[in-house]
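J.: Here it is, the structure in full.
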Amino acid sequence: MKAILVSQHGGPEILEWRDHEVGEPGPGEVRLRQEAVGLNFIDVYFRTGLYPAPNGLPLVPGNEAAGVVTAVGEGVSLFKQGDRVAYAGPIGAYAQERLIAADKLVKVPDGIALDVAASMMLKGMTAEYLLRRTYEVKPGDTILYHAAAGGVGLIVGQWAKALGATVIGTVGSPEKAELAAANGFDHVINYRTEDFVERVKEITGGKGADVVYDSVGKDTFPGSLDCLKPRGLWASFGQSSGPIEPFNIGILAQKGSLFATRPTLFTYIASRPELVASADALFDVVSRGVVNIEINQRYPLAEAGRAHGDLEGRKTTGTTVLLP
């Protein structure tokens with residue numbers, strides 16, 4: 001089998017397409033033939049070393065994929081050979097086949113294609129925990145989401161609108177603004193031509209948003225805090241523009257007794273019941289047509305470096321899959 005390996009940290013060019021030994025599943029494991037692999041910004045963080053590799057280098061990156069079970073190890077009762085499954089974590093998805101702990105997998109409903117499942121597990125369950133658990137969005141709430149035309153953003157826009165919220169998003173181009181507007185966002189702000197803090201104040205009549213979901217990091221801080229109403233919540237769940245510098249927690253008091261959190265998906269799906277509940281909620285809204293998943297880019301897995309370059313260059317929109 002072949003896989004993408006990271007032998008040293010660096011740019012997209014260090015991603016190597018190499019032979020990779022898979023082996024047989026051990027106790028509690030399955031062997032998975034992967035039909036599609038999801039592309040996510042967290043893959044860039046592991047490639048560059050911003051996030052440390054769990055077991056050091058060399059590393060097979062990737063946290064999301066879907067495929068078919070080809071063999072099961074001792075003690076596995078959740079799945080059998082031939083089952084269609086998907087996952088978000090653990091790392092190691094950039095491969096034609098892999099071994100994975102069975103309890104990290106979920107079954108994919110018959111009505112959802114495997115490439116669609118691969119493209120949405122990490123992003124969709126991220127949207128689930130942000131909207132339903134980090135801050136429980138209710139009818140009448142106003143939310144601000146940065147990078148609205150990204151993979152998580154397009155899901156959040158549709159889902160939050162269905163929950164009855166007023167949904168504001170920021171983007172970096174007119175084309176991305178159009179895409180966001182077609183996916184649930186009531187108001188779209190082009191941060192390259194508009195001051196997003198002033199626009200949020202205008203849209204909300206000076207009240208501010210109940211919650212800001214921020215995966216951008218450096219470029220949107222501290223502006224995100226200025227978009228919140230008193231006692232509002234800032235959820236910083238990524239840093240695509242770079243990490244936020246350390247700051248004095250007193251700024252939260254100065255800007256309105258604000259709440260701040262730095263959540264990650266893997267904390268929210270740490271237990272098997274939480275994982276299954278999150279996946280079921282995602283499959284439900286997709287199956288019912290509440291959330292539509294469009295795969296906007298497809299690359300051969302062997303060309304993962306090109307996909308990373310496009311992702312970092314903000315040339316992609318929505319979801320992207322790598323095809324083994």
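All residue names refer to the structure tokens as shown: chains lettered A, B, ... in order, residues numbered from 1 in each chain, ligands numbered from 1 in order.
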Run DSSP on the backbone and tell me which residues of region 57-279 of chain A come out as helix (DSSP H, G or I); list them as a ChimeraX atom specification.

T.: /A:102-104,114-134,151-162,174-181,196-203,218-220,223-226,250-254,265-268,272-279

J.: Would you mind listing what lies within 6 Å of region 174-185 of chain A as a PyMOL selection string, with only C-alpha atoms counted and same-chain residues fewer than 5 positions away left out?

T.: chain A and resi 148-149+154+157-158+161+167-168

J.: Kindly export the residues of the current selection with C-alpha atoms, as a compact mmCIF listing (two decimals), in the first residue's frame.

T.:
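Okay, this is what ended up in again14.txt:
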```txt
# COMPACT_ATOMS: atom_id res chain seq x y z
CA ALA A 148 -17.73 31.52 6.39
CA ALA A 149 -16.89 29.94 3.02
CA LEU A 154 -20.73 26.30 5.11
CA GLY A 157 -24.29 28.59 8.18
CA GLN A 158 -26.96 26.10 7.18
CA LYS A 161 -30.02 29.10 10.25
CA VAL A 167 -26.05 34.25 11.03
CA ILE A 168 -23.25 36.69 10.19
```

J.: Within 12 Å of region 104-127 of chain A, which residues of region 221-262 of chain A show up? Give each one with its shortest atom-to-atom distance in Å (one decimal) and the two atoms involved, counting only C-alpha atoms, rows by chain then rising residue number, as a Markdown table.

T.:
```
| residue | atom | partner | partner_atom | distance |
| --- | --- | --- | --- | --- |
| A:Ala235 | CA | A:Thr126 | CA | 11.9 |
| A:Phe237 | CA | A:Thr126 | CA | 9.2 |
| A:Gly238 | CA | A:Thr126 | CA | 11.1 |
```

J.: Under the rule that only C-alpha atoms are counted, which of A:Glu24, A:Pro61, A:Leu5, A:Cys227 is the nearest residue to Ile42 (chain A)?

T.: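 With only C-alpha atoms as the atom set, the closest residue is A:Pro61.
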
J.: Write out as a ChimeraX atom specification all residues of region 43-237 of chain A that backbone DSSP assigns to strand (DSSP E).

T.: /A:64-72,84-88,97-101,106-107,142-145,166-171,187-190,209-214,228-236

J.: What lies within 8 Å of region 47-56 of chain A using only C-alpha atoms, ignoring chain neighbours under 4 positions off, as a count of residues only?

T.: 7

J.: Could you list, as a short mmCIF file (atom, residue, chain, number, x, y, z; two decimals) with N, CA, C and O atoms, in the first residue's frame, every residue within 10 Å of region 254-263 of chain A, counting only C-alpha atoms and ignoring same-chain residues fewer than 3 positions away?

T.:
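Ended up saving to around05.cif:
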```
data_model
loop_
_atom_site.label_atom_id
_atom_site.label_comp_id
_atom_site.auth_asym_id
_atom_site.auth_seq_id
_atom_site.Cartn_x
_atom_site.Cartn_y
_atom_site.Cartn_z
N THR A 126 -17.43 19.15 14.19
CA THR A 126 -16.99 20.43 14.75
C THR A 126 -18.17 21.40 14.79
O THR A 126 -18.42 22.06 15.81
N TYR A 129 -20.59 20.33 17.71
CA TYR A 129 -20.26 20.69 19.09
C TYR A 129 -20.27 22.20 19.30
O TYR A 129 -20.66 22.69 20.37
N LEU A 130 -19.85 22.97 18.28
CA LEU A 130 -19.88 24.43 18.42
C LEU A 130 -21.29 24.95 18.61
O LEU A 130 -21.55 25.78 19.48
N THR A 134 -20.74 23.87 22.77
CA THR A 134 -19.90 24.98 23.23
C THR A 134 -20.77 26.18 23.56
O THR A 134 -20.62 26.82 24.61
N VAL A 211 -22.42 35.05 20.27
CA VAL A 211 -21.24 34.18 20.23
C VAL A 211 -20.47 34.47 18.95
O VAL A 211 -21.05 34.76 17.91
N VAL A 212 -19.14 34.41 19.04
CA VAL A 212 -18.26 34.49 17.87
C VAL A 212 -17.49 33.18 17.78
O VAL A 212 -16.82 32.77 18.74
N ASP A 214 -14.45 31.49 16.00
CA ASP A 214 -13.25 32.05 15.36
C ASP A 214 -12.20 30.98 15.16
O ASP A 214 -11.56 30.52 16.12
N SER A 215 -11.99 30.58 13.90
CA SER A 215 -10.93 29.62 13.59
C SER A 215 -9.75 30.31 12.91
O SER A 215 -8.83 29.64 12.46
N LEU A 225 -13.56 40.01 19.92
CA LEU A 225 -14.11 40.37 21.24
C LEU A 225 -14.99 41.61 21.13
O LEU A 225 -16.00 41.72 21.85
N ASP A 226 -14.64 42.52 20.24
CA ASP A 226 -15.40 43.76 20.10
C ASP A 226 -16.73 43.55 19.37
O ASP A 226 -17.55 44.47 19.29
N CYS A 227 -16.93 42.35 18.84
CA CYS A 227 -18.18 42.03 18.16
C CYS A 227 -19.22 41.42 19.09
O CYS A 227 -20.36 41.17 18.68
N LEU A 228 -18.84 41.18 20.34
CA LEU A 228 -19.73 40.47 21.28
C LEU A 228 -20.55 41.43 22.13
O LEU A 228 -20.11 42.51 22.49
N LYS A 229 -21.74 40.99 22.48
CA LYS A 229 -22.54 41.72 23.46
C LYS A 229 -21.98 41.40 24.85
O LYS A 229 -21.22 40.44 25.02
N PRO A 230 -22.29 42.18 25.87
CA PRO A 230 -21.83 41.88 27.22
C PRO A 230 -22.19 40.44 27.62
O PRO A 230 -23.29 39.96 27.34
N ARG A 231 -21.24 39.76 28.22
CA ARG A 231 -21.35 38.37 28.65
C ARG A 231 -21.45 37.41 27.45
O ARG A 231 -21.88 36.26 27.61
N GLY A 232 -21.04 37.87 26.29
CA GLY A 232 -21.01 36.99 25.12
C GLY A 232 -19.84 36.02 25.17
O GLY A 232 -18.92 36.17 25.99
N LEU A 233 -19.86 35.04 24.28
CA LEU A 233 -18.84 33.97 24.27
C LEU A 233 -17.99 34.04 23.01
O LEU A 233 -18.52 34.09 21.90
N TRP A 234 -16.68 34.02 23.20
CA TRP A 234 -15.72 33.92 22.10
C TRP A 234 -15.17 32.50 22.09
O TRP A 234 -14.52 32.08 23.06
N ALA A 235 -15.45 31.76 21.03
CA ALA A 235 -14.96 30.39 20.89
C ALA A 235 -13.86 30.39 19.84
O ALA A 235 -14.12 30.46 18.64
N SER A 236 -12.62 30.32 20.30
CA SER A 236 -11.45 30.32 19.41
C SER A 236 -11.05 28.87 19.17
O SER A 236 -10.43 28.24 20.04
N PHE A 237 -11.40 28.32 18.00
CA PHE A 237 -11.18 26.89 17.79
C PHE A 237 -10.19 26.58 16.67
O PHE A 237 -10.09 25.45 16.20
N GLY A 238 -9.42 27.59 16.24
CA GLY A 238 -8.41 27.38 15.23
C GLY A 238 -7.55 28.62 15.07
O GLY A 238 -7.79 29.64 15.70
N ILE A 249 -5.88 38.44 30.69
CA ILE A 249 -7.28 38.01 30.79
C ILE A 249 -8.19 39.16 31.20
O ILE A 249 -9.41 39.12 30.97
N GLY A 250 -7.62 40.22 31.74
CA GLY A 250 -8.41 41.39 32.12
C GLY A 250 -9.14 42.03 30.95
O GLY A 250 -10.12 42.74 31.14
N ILE A 251 -8.67 41.77 29.71
CA ILE A 251 -9.33 42.34 28.54
C ILE A 251 -10.77 41.84 28.43
O ILE A 251 -11.65 42.54 27.91
N PHE A 266 -11.76 16.85 19.58
CA PHE A 266 -11.42 15.55 20.16
C PHE A 266 -11.77 15.47 21.65
O PHE A 266 -11.96 14.40 22.19
N THR A 267 -11.90 16.62 22.31
CA THR A 267 -12.41 16.62 23.68
C THR A 267 -13.91 16.33 23.70
O THR A 267 -14.41 15.65 24.60
N TYR A 268 -14.60 16.81 22.70
CA TYR A 268 -16.06 16.68 22.64
C TYR A 268 -16.52 15.31 22.16
O TYR A 268 -17.69 14.96 22.31
#
```

J.: Please identify all polymer residues within 10 Å of Gly140 (chain A), counting only C-alpha atoms, omitting same-chain residues fewer than 2 positions from it, and present them as a PyMOL selection string.

T.: chain A and resi 137-138+142-143+163-166+210

J.: Could you name the residues that touch His308 (chain A) at 8 Å or less, counting only C-alpha atoms, but leaving out those on the same chain fewer than 4 positions away, as a ChimeraX atom specification?

T.: /A:12,44,304,312

J.: To one decimal in Å, tell me the separation between CA of Asn248 (chain A) and CA of Ala147 (chain A).

T.: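 Separating CA of Asn248 (chain A) from CA of Ala147 (chain A) is a distance of 25.7 Å.
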
J.: Got a sec: who's within 12 Å of Gly313 (chain A), counting only C-alpha atoms, leaving out chain neighbours fewer than 2 positions off, as number ranges by chain?

T.: A: 12, 41, 44, 172, 240-241, 306-311, 315-317

J.: What does the file look like for those residues with C-alpha atoms, as a tab-separated table (two decimals), in the first residue's frame?

T.:
```tsv
chain	number	residue	atom	x	y	z
A	12	PRO	CA	3.66	21.31	1.26
A	41	PHE	CA	-6.38	22.82	8.27
A	44	VAL	CA	-1.29	21.69	7.96
A	172	GLY	CA	-12.12	37.33	1.88
A	240	SER	CA	-5.38	29.55	10.25
A	241	SER	CA	-3.70	32.99	10.19
A	306	ARG	CA	-0.76	20.58	-4.11
A	307	ALA	CA	-3.95	20.37	-2.06
A	308	HIS	CA	-2.15	21.78	1.01
A	309	GLY	CA	-0.76	24.64	-1.05
A	310	ASP	CA	-4.21	25.53	-2.34
A	311	LEU	CA	-5.71	25.29	1.15
A	315	LYS	CA	-7.86	28.90	-3.06
A	316	THR	CA	-10.32	26.30	-1.77
A	317	THR	CA	-13.91	26.67	-0.62
```

J.: Point out the residue among A:Gln96, A:Glu16, A:Gly62, A:Ser77 with the least atom-to-atom distance to Arg31 (chain A), counting only C-alpha atoms.

T.: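 Selected residue with least distance to Arg31 (chain A): A:Gln96.
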